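Structure record follows, encoded as structure tokens.
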Amino acid sequence: MNKLTKYMLRIAVFLYVALGLPVPILAVLLLAQAETAQGRMCALSAILLFLAPVLCWCAVSIKRRKLYAVAAALLVSSLAMLVASYVMTPDGKALTGSNADSVFTGEMSYRRASLANLVPEIDQLKLGSYAVPWMDPLIDKARAIRIRRLFMAVYREMQQSDEFNKLGSVMNHVYRDLFLDSRPAGHLYQYIPTTKGNGGKPPVILFLHGSLGNFKGYLWTWKRFADENGYAIVAPSFGAGNWYREGGVEAIEMARQYCLHHPRMDGSKIYLAGLSNGGTGVTRAVATNGAAYAGFILISAVIEPEVISTPQFLDGCKGRRVLVLHGADDERIPAKHVEPSVDYLLHQGVDVKAMFYPDEDHFLLFSKPDLIRSEIASWLAHE
């Protein structure tokens with residue numbers, strides 16, 4: 001091997017290590033924190049896959065041919081672990097007779113081989129919770145620990161359910177939005193309880209997720225409400241949850257049409273609910289076609305004054321009730337920004353009930369699930 005070839009090889013290896021280093025770093029962190037064997041297996045696979053080319057370079061550089069065999073063994077082991085992870089990955093098909101389902105419409109389909117499914121959602125969220133304090137100035141280490149505990153409690157419980165495990169994850173939609181600025185519509189989670197509603201068909205809560213995607217844990221959190229009160233839950237996906245962006249209102253309408261024509265749902269009684277950034281979807285849907293809904297629920301939600309003050313929004317609220325549930329200590333969406341919007345709607349004659357909970361923050365849905373279920377059930381019962 002001449003000097004130029006060696007020099008070019010060294011540059012290639014340097015670039016490979018420099019650009020690819022985040023992969024093994026994340027993999028080591030995942031290996032240390034993963035809740036599942038599948039997550040740990042994916043982490044090991046990534047580490048071995050990264051090391052194999054480095055060992056090949058070492059074999060060339062120091063002329064140790066035995067390292068080729070080690071590199072080959074690492075590569076084979078890595079691929080074997082990936083195959084095993086794929087086998088362990090849910091196929092996305094609901095169990096026969098299941099109340100829960102993951103539905104794809106149009107050209108979209110379930111991506112079993114995507115990283116979002118090879119690494120279980122519980123492990124993705126747990127790993128992300130450690131990174132949040134470095135990325136979000138509103139979440140310090142103590143808050144991150146609290147958030148992690150809240151989410152892990154939900155996901156550890158959900159892991160015991162074969163019904164929900166079979167559905168897989170759609171977190172790949174989030175990554176596609178964050179990195180490719182693409183927000184495909186056409187997916188939703190649904191849960192239809194065995195308890196029947198009026199006329200044999202349950203009314204519907206159409207739930208819009210917040211920032212960072214349609215976590216499967218949301219549907220699990222709503223499951224108990226659905227079983228206790230006889231409501232179907234439909235939760236459409238829209239990338240990272242920025243419903244105000246192009247295609248957001250259309251995605252909501254697509255989900256509404258799905259409910260309207262579903263043979264097991266009462267499409268004449270659909271309540272539109274939004275969590276956090278999902279509130280931007282609720283207010284825009286109200287302004288676009290509010291009369292199509294029976295009422296609106298805003299949980300720790302963004303309420304934009306410039307949207308709710310439009311004639312279209314106020315017309316969409318006519319004859320409809322609005323429920324606002326918010327943490328008094330919410331730093332993400334401070335109560336002092338929500339209260340003026342509530343007062344404005346009340347002065348405009350909108351039927352609004354607002355509850356602000358002391359000592360509760362932006363994660364009210366997870367910290368006080370029983371209370372939120374009770375409030376919503378009571379509000380719906382007093383129609």
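Just remember, in the structure tokens the first chain shown is A, the second B, etc., residues are 1-based per chain, and ligands are 1-based in the order shown.
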
### Near-Asn99 (chain A) list (9 Å; only C-alpha atoms; drop same-chain fewer than 2 positions) as number ranges by chain
A: 94-95, 97, 101, 163, 190-194

Take the residues from that selection and write them out as a PDB file, in the first residue's frame, keeping N, CA and C atoms.
ATOM      1  N   ALA A  94     -53.129  -5.672  15.207  1.00  0.00           N
ATOM      2  CA  ALA A  94     -53.860  -5.841  16.463  1.00  0.00           C
ATOM      3  C   ALA A  94     -54.224  -7.305  16.681  1.00  0.00           C
ATOM      4  N   LEU A  95     -54.275  -7.703  17.936  1.00  0.00           N
ATOM      5  CA  LEU A  95     -54.735  -9.044  18.268  1.00  0.00           C
ATOM      6  C   LEU A  95     -56.190  -9.213  17.857  1.00  0.00           C
ATOM      7  N   GLY A  97     -59.885  -9.532  18.031  1.00  0.00           N
ATOM      8  CA  GLY A  97     -60.828  -9.123  19.066  1.00  0.00           C
ATOM      9  C   GLY A  97     -60.330  -8.018  19.970  1.00  0.00           C
ATOM     10  N   ASP A 101     -56.131  -0.572  18.462  1.00  0.00           N
ATOM     11  CA  ASP A 101     -55.620  -0.808  17.110  1.00  0.00           C
ATOM     12  C   ASP A 101     -54.779   0.382  16.666  1.00  0.00           C
ATOM     13  N   GLU A 163     -52.046  -6.665  24.188  1.00  0.00           N
ATOM     14  CA  GLU A 163     -52.911  -5.915  23.281  1.00  0.00           C
ATOM     15  C   GLU A 163     -52.216  -4.649  22.784  1.00  0.00           C
ATOM     16  N   GLN A 190     -56.525   3.843  17.929  1.00  0.00           N
ATOM     17  CA  GLN A 190     -57.916   3.852  18.375  1.00  0.00           C
ATOM     18  C   GLN A 190     -58.107   2.832  19.494  1.00  0.00           C
ATOM     19  N   TYR A 191     -59.037   3.151  20.356  1.00  0.00           N
ATOM     20  CA  TYR A 191     -59.440   2.220  21.403  1.00  0.00           C
ATOM     21  C   TYR A 191     -60.950   2.288  21.509  1.00  0.00           C
ATOM     22  N   ILE A 192     -61.613   1.166  21.238  1.00  0.00           N
ATOM     23  CA  ILE A 192     -63.071   1.091  21.299  1.00  0.00           C
ATOM     24  C   ILE A 192     -63.440   0.145  22.435  1.00  0.00           C
ATOM     25  N   PRO A 193     -64.027   0.658  23.510  1.00  0.00           N
ATOM     26  CA  PRO A 193     -64.307  -0.181  24.683  1.00  0.00           C
ATOM     27  C   PRO A 193     -65.420  -1.179  24.406  1.00  0.00           C
ATOM     28  N   THR A 194     -65.441  -2.225  25.189  1.00  0.00           N
ATOM     29  CA  THR A 194     -66.514  -3.206  25.061  1.00  0.00           C
ATOM     30  C   THR A 194     -67.826  -2.645  25.595  1.00  0.00           C
TER      31      THR A 194
END

### Message
Can you pull out the residues contacting region 259-276 of chain A? Cut-off 7 Å, using only C-alpha atoms, and skip same-chain residues under 2 positions away; I want them as a PyMOL selection string.
### Response
chain A and resi 201-210+232+255-257+278-279+282+293-302

Write the residues of the preceding selection, restricted to C-alpha atoms, as a JSON list (two decimals), in the first residue's frame.
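Below you can see out.json, which holds the result:
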[["chain", "number", "residue", "atom", "x", "y", "z"],
["A", 201, "LYS", "CA", -72.10, 2.84, 19.50],
["A", 202, "PRO", "CA", -69.84, 4.81, 21.84],
["A", 203, "PRO", "CA", -69.32, 8.55, 21.37],
["A", 204, "VAL", "CA", -65.77, 9.60, 20.54],
["A", 205, "ILE", "CA", -62.93, 11.55, 22.11],
["A", 206, "LEU", "CA", -60.73, 12.68, 19.21],
["A", 207, "PHE", "CA", -57.40, 13.36, 20.94],
["A", 208, "LEU", "CA", -54.61, 15.51, 19.49],
["A", 209, "HIS", "CA", -51.17, 14.77, 20.91],
["A", 210, "GLY", "CA", -48.66, 17.43, 21.88],
["A", 232, "ALA", "CA", -64.08, 5.45, 21.97],
["A", 255, "ALA", "CA", -59.54, 11.56, 11.57],
["A", 256, "ARG", "CA", -63.01, 13.05, 12.06],
["A", 257, "GLN", "CA", -64.19, 11.51, 8.80],
["A", 278, "GLY", "CA", -52.53, 19.84, 20.40],
["A", 279, "GLY", "CA", -54.45, 22.92, 21.53],
["A", 282, "VAL", "CA", -58.24, 22.21, 18.45],
["A", 293, "TYR", "CA", -68.00, 18.59, 17.09],
["A", 294, "ALA", "CA", -70.01, 18.14, 20.27],
["A", 295, "GLY", "CA", -67.52, 20.01, 22.46],
["A", 296, "PHE", "CA", -63.87, 20.77, 23.11],
["A", 297, "ILE", "CA", -61.37, 19.74, 25.80],
["A", 298, "LEU", "CA", -58.05, 21.52, 26.35],
["A", 299, "ILE", "CA", -55.52, 19.86, 28.67],
["A", 300, "SER", "CA", -52.37, 21.84, 29.50],
["A", 301, "ALA", "CA", -53.00, 23.34, 26.10],
["A", 302, "VAL", "CA", -51.75, 26.22, 24.02]]

### Query
Where in region 196-335 of chain A does DSSP assign alpha helix (DSSP H), given as number ranges by chain?
A: 216-229, 248-261, 278-289, 305-308, 311-317, 335

### Message
Taking only C-alpha atoms into account, name the residue in A:Met254, A:Lys223, A:Asn214, A:Leu55 that is nearest to Gly239 (chain A).
### Response
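Going through A:Met254, A:Lys223, A:Asn214, A:Leu55 one by one, the smallest distance to Gly239 (chain A) is for A:Asn214.
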
### Shortest interatomic distance to Ile308 (chain A) - which of A:Leu118, A:Val342, A:Thr89, A:Ala292, counting only C-alpha atoms
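That would be A:Val342, the residue with the smallest distance to Ile308 (chain A).
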
### Query
Pick the closest to Val338 (chain A) from A:Ala131, A:Asp162, A:Phe356, A:Gly281: which is it, counting only C-alpha atoms?
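Comparing A:Ala131, A:Asp162, A:Phe356, A:Gly281 against Val338 (chain A), the winner is A:Phe356.
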
When you look at Asn165 (chain A) with a cut-off of 10 Å (counting only C-alpha atoms), what residues show up, excluding the ones that are within fewer than 3 positions of it in the same chain? I need them as a PDB file with C-alpha atoms, in the first residue's frame.
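Output file around.pdb follows:
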ATOM      1  CA  THR A  89     -40.375  -6.184  17.031  1.00  0.00           C
ATOM      2  CA  PRO A  90     -44.209  -6.086  16.966  1.00  0.00           C
ATOM      3  CA  ASP A  91     -45.735  -6.622  13.540  1.00  0.00           C
ATOM      4  CA  GLY A  92     -48.172  -3.755  14.112  1.00  0.00           C
ATOM      5  CA  LYS A  93     -51.267  -5.932  13.713  1.00  0.00           C
ATOM      6  CA  ALA A  94     -53.860  -5.841  16.463  1.00  0.00           C
ATOM      7  CA  LEU A  95     -54.735  -9.044  18.268  1.00  0.00           C
ATOM      8  CA  PRO A 120     -38.905  -0.030  21.910  1.00  0.00           C
ATOM      9  CA  MET A 158     -48.509  -0.831  29.472  1.00  0.00           C
ATOM     10  CA  GLN A 159     -45.762  -3.386  28.815  1.00  0.00           C
ATOM     11  CA  GLN A 160     -47.869  -5.968  30.632  1.00  0.00           C
ATOM     12  CA  SER A 161     -50.540  -5.659  27.927  1.00  0.00           C
ATOM     13  CA  ASP A 162     -50.064  -7.869  24.858  1.00  0.00           C
ATOM     14  CA  GLY A 168     -45.722  -1.041  17.695  1.00  0.00           C
ATOM     15  CA  SER A 169     -44.704   2.620  17.572  1.00  0.00           C
ATOM     16  CA  LYS A 216     -48.550   5.103  22.562  1.00  0.00           C
TER      17      LYS A 216
END

### Summary
Counting only C-alpha atoms, closest pick from A:Glu306, A:Glu228, A:Glu246, A:Asp140 relative to Asp370 (chain A) is A:Glu228

### Query
Near region 373-381 of chain A, within 10 Å and counting only C-alpha atoms, which residues show up once chain neighbours fewer than 6 positions away are dropped, as an MDAnalysis selection string?
chainID A and resid 221:222 224:226 228:229 231 271 295 297 321:325 353 355 365

Determine, counting only C-alpha atoms, which protein, DNA and RNA residues have an atom within 7 Å of an atom of Thr280 (chain A); residues of the same chain fewer than 4 positions away are not included. Present the result as an mmCIF file with N, CA and C atoms, in the first residue's frame.
data_model
loop_
_atom_site.group_PDB
_atom_site.id
_atom_site.type_symbol
_atom_site.label_atom_id
_atom_site.label_comp_id
_atom_site.auth_asym_id
_atom_site.auth_seq_id
_atom_site.Cartn_x
_atom_site.Cartn_y
_atom_site.Cartn_z
ATOM 1 N N TRP A 243 -49.537 21.140 15.100
ATOM 2 C CA TRP A 243 -50.783 21.095 14.335
ATOM 3 C C TRP A 243 -51.079 22.386 13.592
ATOM 4 N N TYR A 244 -50.409 23.464 13.947
ATOM 5 C CA TYR A 244 -50.630 24.740 13.273
ATOM 6 C C TYR A 244 -49.949 24.782 11.906
ATOM 7 N N ARG A 284 -57.822 25.639 15.739
ATOM 8 C CA ARG A 284 -57.930 25.787 14.283
ATOM 9 C C ARG A 284 -59.064 24.943 13.717
ATOM 10 N N VAL A 302 -51.996 24.909 24.606
ATOM 11 C CA VAL A 302 -51.749 26.220 24.017
ATOM 12 C C VAL A 302 -53.084 26.777 23.535
ATOM 13 N N ILE A 303 -53.408 27.997 23.968
ATOM 14 C CA ILE A 303 -54.618 28.679 23.497
ATOM 15 C C ILE A 303 -54.177 30.028 22.936
#

### Message
as a ChimeraX atom specification, please: every residue in region 91-315 of chain A that DSSP puts in strand (DSSP E or B).
### Response
/A:100-104,187-191,204-208,232-236,270-275,295-299
